[in-house]
$ cat input_33.tsv   # TSV, C-alpha atoms
chain	number	residue	atom	x	y	z
U	1	THR	CA	107.36	109.57	94.78
U	2	ILE	CA	104.09	109.57	96.66
U	3	TYR	CA	104.16	108.04	100.13
U	4	PRO	CA	103.04	104.43	99.81
U	5	GLY	CA	99.72	103.24	101.08
U	6	TRP	CA	99.21	99.84	102.63
U	7	TYR	CA	97.37	96.66	101.83
U	8	SER	CA	96.18	93.87	104.06
U	9	GLY	CA	98.87	91.53	105.34
U	10	ARG	CA	101.87	93.78	104.61
U	11	ALA	CA	103.55	96.68	106.38
U	12	VAL	CA	103.91	100.00	104.57
U	13	HIS	CA	106.73	99.57	102.03
U	14	ILE	CA	107.93	100.65	98.64
U	15	HIS	CA	109.54	98.42	96.01
U	16	PHE	CA	112.68	99.35	94.11
U	17	LYS	CA	114.74	97.73	91.38
U	18	VAL	CA	118.36	98.27	90.32
U	19	ARG	CA	119.50	97.21	86.87
U	20	LEU	CA	123.12	97.52	85.78
U	21	THR	CA	125.70	96.03	83.48
U	22	GLY	CA	128.95	94.87	85.06
U	23	SER	CA	132.42	95.43	83.63
U	24	THR	CA	132.26	92.01	81.94
U	25	GLY	CA	129.01	92.92	80.19
U	26	ARG	CA	126.95	90.70	82.46
U	27	ALA	CA	123.53	92.12	83.35
U	28	TYR	CA	122.49	92.33	86.99
U	29	GLU	CA	119.07	92.97	88.44
U	30	PHE	CA	118.31	93.50	92.12
U	31	THR	CA	114.81	93.97	93.56
U	32	SER	CA	113.97	94.76	97.16
U	33	GLN	CA	111.71	96.82	99.39
U	34	LEU	CA	112.19	99.77	101.71
U	35	PHE	CA	110.22	100.34	104.90
U	36	PHE	CA	109.43	103.43	106.97
U	37	ASP	CA	109.65	104.17	110.67
U	38	GLU	CA	106.29	103.50	112.33
U	39	ALA	CA	106.12	107.05	113.75
U	40	VAL	CA	106.36	108.43	110.20
U	41	ASN	CA	103.77	105.90	109.00
U	42	ASP	CA	101.42	106.98	111.80
U	43	ALA	CA	101.85	110.68	111.00
U	44	VAL	CA	101.31	110.25	107.26
U	45	HIS	CA	98.40	107.83	107.52
U	46	ALA	CA	96.56	110.11	109.97
U	47	GLN	CA	96.23	112.69	107.17
U	48	ALA	CA	93.97	112.83	104.13
U	49	PRO	CA	93.69	111.02	101.84
U	50	TYR	CA	95.41	108.14	103.66
U	51	ALA	CA	93.16	108.29	106.74
U	52	ALA	CA	90.12	107.43	104.61
U	53	HIS	CA	91.60	103.99	103.90
U	54	GLY	CA	91.39	102.97	107.56
U	55	GLN	CA	93.99	101.65	109.96
U	56	ARG	CA	96.69	99.38	108.56
U	57	ASP	CA	96.67	95.83	109.89
U	58	MET	CA	100.41	95.08	109.77
U	59	LEU	CA	103.32	96.75	111.53
U	60	ASN	CA	106.93	96.40	110.45
U	61	VAL	CA	107.85	93.92	113.20
U	62	ASN	CA	105.11	91.53	112.08
U	63	ASP	CA	105.86	91.68	108.34
U	64	ARG	CA	107.60	88.50	107.15
U	65	ILE	CA	109.86	90.46	104.76
U	66	PHE	CA	110.74	93.34	107.10
U	67	ASP	CA	114.43	93.90	107.84
U	68	GLU	CA	115.60	96.74	110.11
U	69	GLN	CA	118.42	97.47	107.61
U	70	LEU	CA	115.80	98.41	105.02
U	71	VAL	CA	114.18	101.22	107.04
U	72	VAL	CA	114.42	104.61	105.34
U	73	ASP	CA	115.43	107.51	107.58
U	74	ALA	CA	112.74	109.94	106.40
U	75	ALA	CA	112.99	113.53	107.59
U	76	GLN	CA	110.07	115.93	107.58
U	77	THR	CA	110.44	118.87	105.20
U	78	ALA	CA	108.26	121.85	104.30
U	79	ASP	CA	106.78	119.78	101.45
U	80	GLY	CA	106.41	116.43	103.20
U	81	TYR	CA	109.25	113.97	103.80
U	82	SER	CA	112.65	113.42	102.25
U	83	ALA	CA	114.99	110.44	102.48
U	84	VAL	CA	118.18	109.04	101.03
U	85	PHE	CA	119.01	105.34	101.13
U	86	ASP	CA	122.53	104.21	100.23
U	87	LEU	CA	122.76	100.81	98.60
U	88	GLY	CA	125.85	98.77	97.83
U	89	LEU	CA	125.76	95.80	95.47
U	90	ASN	CA	128.58	93.29	95.12
U	91	THR	CA	128.67	92.20	91.47
U	92	ALA	CA	131.93	90.25	91.78
$ encode --input "input_33.tsv" --output "structure tokens"
Amino acid sequence: TIYPGWYSGRAVHIHFKVRLTGSTGRAYEFTSQLFFDEAVNDAVHAQAPYAAHGQRDMLNVNDRIFDEQLVVDAAQTADGYSAVFDLGLNTA
């Protein structure tokens, strides 16, 4: 994906959705958001083209939806950043 930008009133985040069918045939759908460490946000948003958008007005700690458990551990790579986020869903 492309690193997410920001919009007024929200911290930098990316939405995701999981859809699956349980063993009983019941359909499940889970939607949430992932956040990024502020040091990574600062580094990315200081570069073009993100810097042209201006400074974001919301940090993670002030976002009403932010949860520390939803922060992606992004590591810098030669091509940008890479991250894995494990998710467990209880469909019982």
$ atom_distance --input "input_33.tsv" --atom1 "CA of His53 in chain U" --atom2 "CA of His15 in chain U"
20.4 Å
$ residues_around --input "input_33.tsv" --residues "Gly80 in chain U" --least-positions-apart "5" --cutoff "12 Å" --atoms "only C-alpha atoms" --output "list in words"
Thr1, Ile2, Tyr3, Val40, Ala43, Val44, Gln47, Ala74 and Ala75 of chain U
$ atom_distance --input "input_33.tsv" --atom1 "CA of Arg10 in chain U" --atom2 "CA of Leu59 in chain U"
7.7 Å
$ atom_distance --input "input_33.tsv" --atom1 "CA of Asp63 in chain U" --atom2 "CA of Thr91 in chain U"
28.4 Å
$ residues_around --input "input_33.tsv" --residues "Phe85 in chain U" --least-positions-apart "3" --cutoff "9 Å" --atoms "all atoms listed in the file" --output "NGL selection string"
:U and (34 or 70-73)
$ axis_aligned_box --input "input_33.tsv" --around "range 73-90 of chain U" --padding-each-side "8 Å" --output "AutoDock Vina command-line options"
--center_x 117.5 --center_y 107.6 --center_z 101.4 --size_x 38.2 --size_y 44.6 --size_z 28.5
$ closest_residue --input "input_33.tsv" --among "U:Ser8, U:Phe30, U:Gln76, U:Ile14" --to "Asn90 in chain U" --atoms "only C-alpha atoms"
U:Phe30
$ residues_around --input "input_33.tsv" --residues "Asp57 in chain U" --least-positions-apart "6" --cutoff "10 Å" --atoms "all atoms listed in the file" --output "mmCIF file with C-alpha atoms, in the coordinates of the input"
data_model
loop_
_atom_site.group_PDB
_atom_site.id
_atom_site.type_symbol
_atom_site.label_atom_id
_atom_site.label_comp_id
_atom_site.auth_asym_id
_atom_site.auth_seq_id
_atom_site.Cartn_x
_atom_site.Cartn_y
_atom_site.Cartn_z
ATOM 1 C CA TRP U 6 99.210 99.840 102.630
ATOM 2 C CA TYR U 7 97.370 96.660 101.830
ATOM 3 C CA SER U 8 96.180 93.870 104.060
ATOM 4 C CA GLY U 9 98.870 91.530 105.340
ATOM 5 C CA ARG U 10 101.870 93.780 104.610
ATOM 6 C CA ALA U 11 103.550 96.680 106.380
ATOM 7 C CA VAL U 12 103.910 100.000 104.570
#
$ closest_residue --input "input_33.tsv" --among "U:Gln69, U:Ala92, U:Thr77, U:Leu87" --to "Asp37 in chain U" --atoms "all atoms listed in the file"
U:Gln69
$ residues_around --input "input_33.tsv" --residues "Gln55 in chain U" --least-positions-apart "4" --cutoff "9 Å" --atoms "all atoms listed in the file" --output "list in words"
His45, Ala46 and Ala51 of chain U
$ decode --input "input_33.tsv" --residues "range 39-55 of chain U" --atoms "all heavy atoms" --output "compact mmCIF listing (two decimals), in the first residue's frame"
# COMPACT_ATOMS: atom_id res chain seq x y z
N ALA U 39 6.97 8.80 15.34
CA ALA U 39 8.29 9.05 14.74
C ALA U 39 8.29 8.65 13.27
O ALA U 39 8.88 9.34 12.43
CB ALA U 39 9.37 8.28 15.50
N VAL U 40 7.60 7.57 12.93
CA VAL U 40 7.49 7.14 11.53
C VAL U 40 6.62 8.15 10.77
O VAL U 40 6.96 8.56 9.66
CB VAL U 40 6.92 5.71 11.43
CG1 VAL U 40 6.68 5.33 9.98
CG2 VAL U 40 7.85 4.72 12.11
N ASN U 41 5.50 8.56 11.37
CA ASN U 41 4.66 9.57 10.73
C ASN U 41 5.46 10.83 10.43
O ASN U 41 5.37 11.38 9.33
CB ASN U 41 3.47 9.94 11.64
CG ASN U 41 2.42 8.87 11.70
OD1 ASN U 41 2.25 8.09 10.77
ND2 ASN U 41 1.70 8.83 12.80
N ASP U 42 6.25 11.29 11.40
CA ASP U 42 7.05 12.51 11.21
C ASP U 42 8.03 12.34 10.05
O ASP U 42 8.17 13.24 9.22
CB ASP U 42 7.82 12.86 12.48
CG ASP U 42 6.92 13.35 13.60
OD1 ASP U 42 5.76 13.75 13.32
OD2 ASP U 42 7.37 13.32 14.77
N ALA U 43 8.71 11.20 10.01
CA ALA U 43 9.71 10.95 8.97
C ALA U 43 9.07 10.91 7.59
O ALA U 43 9.58 11.51 6.63
CB ALA U 43 10.46 9.66 9.25
N VAL U 44 7.96 10.21 7.46
CA VAL U 44 7.29 10.09 6.16
C VAL U 44 6.70 11.42 5.72
O VAL U 44 6.87 11.85 4.58
CB VAL U 44 6.19 9.00 6.20
CG1 VAL U 44 5.35 9.02 4.94
CG2 VAL U 44 6.82 7.63 6.41
N HIS U 45 6.03 12.11 6.63
CA HIS U 45 5.34 13.34 6.25
C HIS U 45 6.28 14.54 6.08
O HIS U 45 5.84 15.60 5.64
CB HIS U 45 4.21 13.64 7.23
CG HIS U 45 3.05 12.70 7.05
ND1 HIS U 45 2.07 12.93 6.12
CD2 HIS U 45 2.75 11.51 7.62
CE1 HIS U 45 1.21 11.93 6.14
NE2 HIS U 45 1.60 11.06 7.03
N ALA U 46 7.55 14.36 6.37
CA ALA U 46 8.54 15.41 6.10
C ALA U 46 9.05 15.32 4.66
O ALA U 46 9.73 16.22 4.19
CB ALA U 46 9.71 15.28 7.07
N GLN U 47 8.70 14.24 3.96
CA GLN U 47 9.16 14.01 2.60
C GLN U 47 8.07 14.36 1.58
O GLN U 47 6.89 14.39 1.90
CB GLN U 47 9.54 12.54 2.42
CG GLN U 47 10.65 12.08 3.34
CD GLN U 47 10.91 10.60 3.18
OE1 GLN U 47 10.96 10.10 2.06
NE2 GLN U 47 11.04 9.91 4.29
N ALA U 48 8.51 14.61 0.35
CA ALA U 48 7.55 14.83 -0.75
C ALA U 48 6.91 13.49 -1.09
O ALA U 48 7.56 12.46 -0.94
CB ALA U 48 8.29 15.38 -1.97
N PRO U 49 5.68 13.47 -1.47
CA PRO U 49 4.77 14.60 -1.67
C PRO U 49 4.00 14.97 -0.40
O PRO U 49 3.24 15.93 -0.41
CB PRO U 49 3.82 14.09 -2.74
CG PRO U 49 3.69 12.64 -2.44
CD PRO U 49 5.08 12.22 -1.95
N TYR U 50 4.19 14.23 0.68
CA TYR U 50 3.41 14.44 1.90
C TYR U 50 3.62 15.83 2.50
O TYR U 50 2.69 16.44 3.01
CB TYR U 50 3.73 13.37 2.93
CG TYR U 50 3.45 11.98 2.43
CD1 TYR U 50 4.46 11.17 1.94
CD2 TYR U 50 2.15 11.47 2.44
CE1 TYR U 50 4.21 9.90 1.46
CE2 TYR U 50 1.88 10.19 1.96
CZ TYR U 50 2.91 9.42 1.48
OH TYR U 50 2.65 8.17 1.00
N ALA U 51 4.86 16.33 2.46
CA ALA U 51 5.18 17.61 3.08
C ALA U 51 4.37 18.76 2.48
O ALA U 51 4.07 19.74 3.16
CB ALA U 51 6.67 17.89 2.96
N ALA U 52 3.99 18.64 1.23
CA ALA U 52 3.23 19.69 0.56
C ALA U 52 1.82 19.85 1.14
O ALA U 52 1.18 20.89 0.95
CB ALA U 52 3.14 19.41 -0.94
N HIS U 53 1.34 18.85 1.85
CA HIS U 53 -0.01 18.89 2.42
C HIS U 53 -0.05 19.69 3.72
O HIS U 53 -1.12 20.02 4.20
CB HIS U 53 -0.51 17.46 2.66
CG HIS U 53 -1.93 17.36 3.10
ND1 HIS U 53 -2.99 17.81 2.35
CD2 HIS U 53 -2.46 16.86 4.24
CE1 HIS U 53 -4.12 17.58 3.00
NE2 HIS U 53 -3.82 17.02 4.15
N GLY U 54 1.09 19.99 4.30
CA GLY U 54 1.14 20.74 5.55
C GLY U 54 1.22 19.81 6.75
O GLY U 54 1.23 18.58 6.62
N GLN U 55 1.29 20.41 7.92
CA GLN U 55 1.42 19.65 9.15
C GLN U 55 0.07 19.08 9.59
O GLN U 55 -0.94 19.78 9.58
CB GLN U 55 1.98 20.54 10.27
CG GLN U 55 3.37 21.05 9.99
CD GLN U 55 4.38 19.92 9.93
OE1 GLN U 55 4.39 19.05 10.80
NE2 GLN U 55 5.21 19.92 8.91
